[in-house]
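Reading through the structure tokens given below for one structure.
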Amino acid sequence: MLHPFLTRLLLSITLLAASPAFAQLLSFQQLLDRPDRPKADQRIAYGDDASQFGELWLPRGAGPHPVVLMIHGGCWQASLPGPELLAFQADALRSAGVAVWSISYRRVGHAGGGYPGTFQDVARGTDRLRQLATQYPLDLTRLVATGHSAGGHLALWAAARPRIAVGSPLHAASPLPIAAVVAVAGVPDLAFASRQGLCGKSVSQLLDLDTRGQDAAVWADVSPAALLPLHVRQTLVHGIYDGIVPPVQGHGYRAKATQLGDAVEIVNLDEAGHFELIAPWTPAGRQVVDRLVRATRAP
């Protein structure tokens with residue numbers, strides 16, 4: 001019997017080979033290699049570590065501007081790209097009149113990365129928006145969180161922070177409220193993803209969670225599925241040919257969230273794999289940007 005990860009990988013390859021988009025699917029290296037990568041308006045530290053910073057993308061005009069909190073992915077690993085991979089998406093939002101706060105954070109492979117440091121950084125970077133709103137024309141009543149891949153998990157987690165129990169090292173007394181989340185190729189249920197062997201390993205290994213045991217408590221303060229209901233609008237966007245985070249990742253989560261009263265929409269985009277979703281020159285990437293802009297305008 002094949003290992004679950006190998007089974008999923010073979011299935012993904014079969015789906016990709018059958019896809020008319022197969023020859024056109026983007027890699028992250030193609031995004032990184034584009035010579036026209038745009039630049040943020042400001043790079044601002046929120047901590048002393050080299051990884052604790054955010055990039056602020058400000059639209060033209062007086063504002064105040066709606067805000068997208070943007071969190072990059074990369075399997076939570078320091079060896080993979082950071083916010084530079086989302087520069088094109090951030091620039092497209094800036095051009096559409098939306099401010100973007102795109103944060104970096106310590107990952108596994110950085111000193112202090114993994115549990116709890118990765119989550120503490122995301123929380124600290126998110127809450128830094130309160131201070132930034134006193135310096136820049138930002139409307140935090142229209143704050144939408146988004147993230148790609150592992151960053152999609154962290155965007156949902158950022159919205160779930162009010163649900164974290166007091167005894168957790170990740171608990172905060174007054175986390176910044178988030179109105180909506182658009183998770184792009186996200187990972188909403190870490191227990192399910194761990195059984196699938198995401199990124200070739202269990203999620204507990206990827207996040208250095210193995211020391212916490214293997215029962216439900218391991219996910220209690222880190223998995224959005226364990227923190228439901230989040231009481232925010234949630235959209236899960238997937239490319240139907242995504243072999244890295246397949247669309248199946250969101251369906252069980254939506255069923256559980258719906259039972260608990262949350263509104264979760266799943267959007268499966270044609271002719272898209274994993275990285276088209278953050279490439280706004282592709283049809284799928286444009287749809288993601290449009291979804292984010294609309295989310296900042298919803299009541």
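By convention in this document, the chains of the structure tokens carry letters A, B, ... by their order, each chain's residues are numbered from 1, and ligands are numbered from 1 in the order they are shown.
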
All residues 8 Å or closer to Trp101 in chain A, only C-alpha atoms, same chain fewer than 5 positions away omitted, as a compact mmCIF listing (two decimals) with N, CA and C atoms, in the first residue's frame:
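In the end it all went to result_30.txt:
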```
# COMPACT_ATOMS: atom_id res chain seq x y z
N GLY A 54 7.47 44.05 8.00
CA GLY A 54 6.37 44.06 7.05
C GLY A 54 6.65 45.04 5.94
N GLU A 55 6.03 44.80 4.80
CA GLU A 55 6.10 45.72 3.67
C GLU A 55 4.75 46.42 3.54
N LEU A 56 4.78 47.74 3.51
CA LEU A 56 3.56 48.53 3.42
C LEU A 56 3.42 49.06 1.99
N TRP A 57 2.30 48.72 1.38
CA TRP A 57 1.97 49.15 0.01
C TRP A 57 0.80 50.13 0.11
N VAL A 67 -7.65 47.87 4.03
CA VAL A 67 -6.35 47.22 4.25
C VAL A 67 -6.46 45.72 4.06
N VAL A 68 -5.47 45.16 3.37
CA VAL A 68 -5.30 43.71 3.31
C VAL A 68 -4.04 43.34 4.09
N LEU A 69 -4.21 42.51 5.10
CA LEU A 69 -3.09 41.88 5.79
C LEU A 69 -2.69 40.67 4.95
N MET A 70 -1.45 40.64 4.47
CA MET A 70 -1.00 39.60 3.55
C MET A 70 0.10 38.78 4.21
N LEU A 129 -0.50 46.85 12.99
CA LEU A 129 -1.35 47.71 12.18
C LEU A 129 -2.02 48.81 12.99
```

Polymer residues at most 6 Å from Gly151 in chain A, only C-alpha atoms, same-chain spacing of 2 or more positions, as a PyMOL selection string: chain A and resi 71-73+147-149+153-154

Taking C-alpha atoms for each residue, export the selection above as a compact mmCIF listing (two decimals), in the first residue's frame.
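This went into out-v7.txt:
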```txt
# COMPACT_ATOMS: atom_id res chain seq x y z
CA ILE A 71 0.91 36.53 4.79
CA HIS A 72 3.27 34.57 2.57
CA GLY A 73 3.52 30.78 2.55
CA GLY A 147 -2.34 34.44 2.63
CA HIS A 148 -1.05 31.95 0.13
CA SER A 149 -0.54 28.26 0.94
CA HIS A 153 -3.50 28.90 7.17
CA LEU A 154 -1.90 31.78 9.07
```

DSSP strand (DSSP E) residues within range 32-192 of chain A, as a count of residues only: 37

Surrounding residues of range 155-162 of chain A excluding itself and chain neighbours under 4 positions, 6 Å, only C-alpha atoms, as a PyMOL selection string: chain A and resi 145-147+178+224+230

Selection near Ala78 in chain A, 10 Å with only C-alpha atoms, sequence-local residues under 2 positions removed, as a list in words: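 So the residues in contact are Ser51, Gly74, Cys75, Trp76, Leu80, Pro81, Gly82, Tyr105, Arg106, Arg107, Val108, Gly109, His110, Ala111, Gly113 and Gly114 of chain A.
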
Pick from A:Arg124, A:Arg34, A:Gly61, A:Asp208, whichever lies nearest to Gly112 in chain A using only C-alpha atoms: A:Asp208

Near-Ser27 in chain A list (10 Å; only C-alpha atoms; drop same-chain fewer than 4 positions) as a ChimeraX atom specification: /A:31-32,273-276

With C-alpha atoms retained, export the selected residues as a tab-separated table (two decimals), in the first residue's frame.
```tsv
chain	number	residue	atom	x	y	z
A	31	LEU	CA	7.48	34.55	-10.28
A	32	LEU	CA	10.78	35.31	-8.59
A	273	GLY	CA	-2.44	25.36	-10.12
A	274	HIS	CA	-0.73	26.68	-7.00
A	275	PHE	CA	1.09	29.79	-8.17
A	276	GLU	CA	-1.29	31.19	-10.80
```
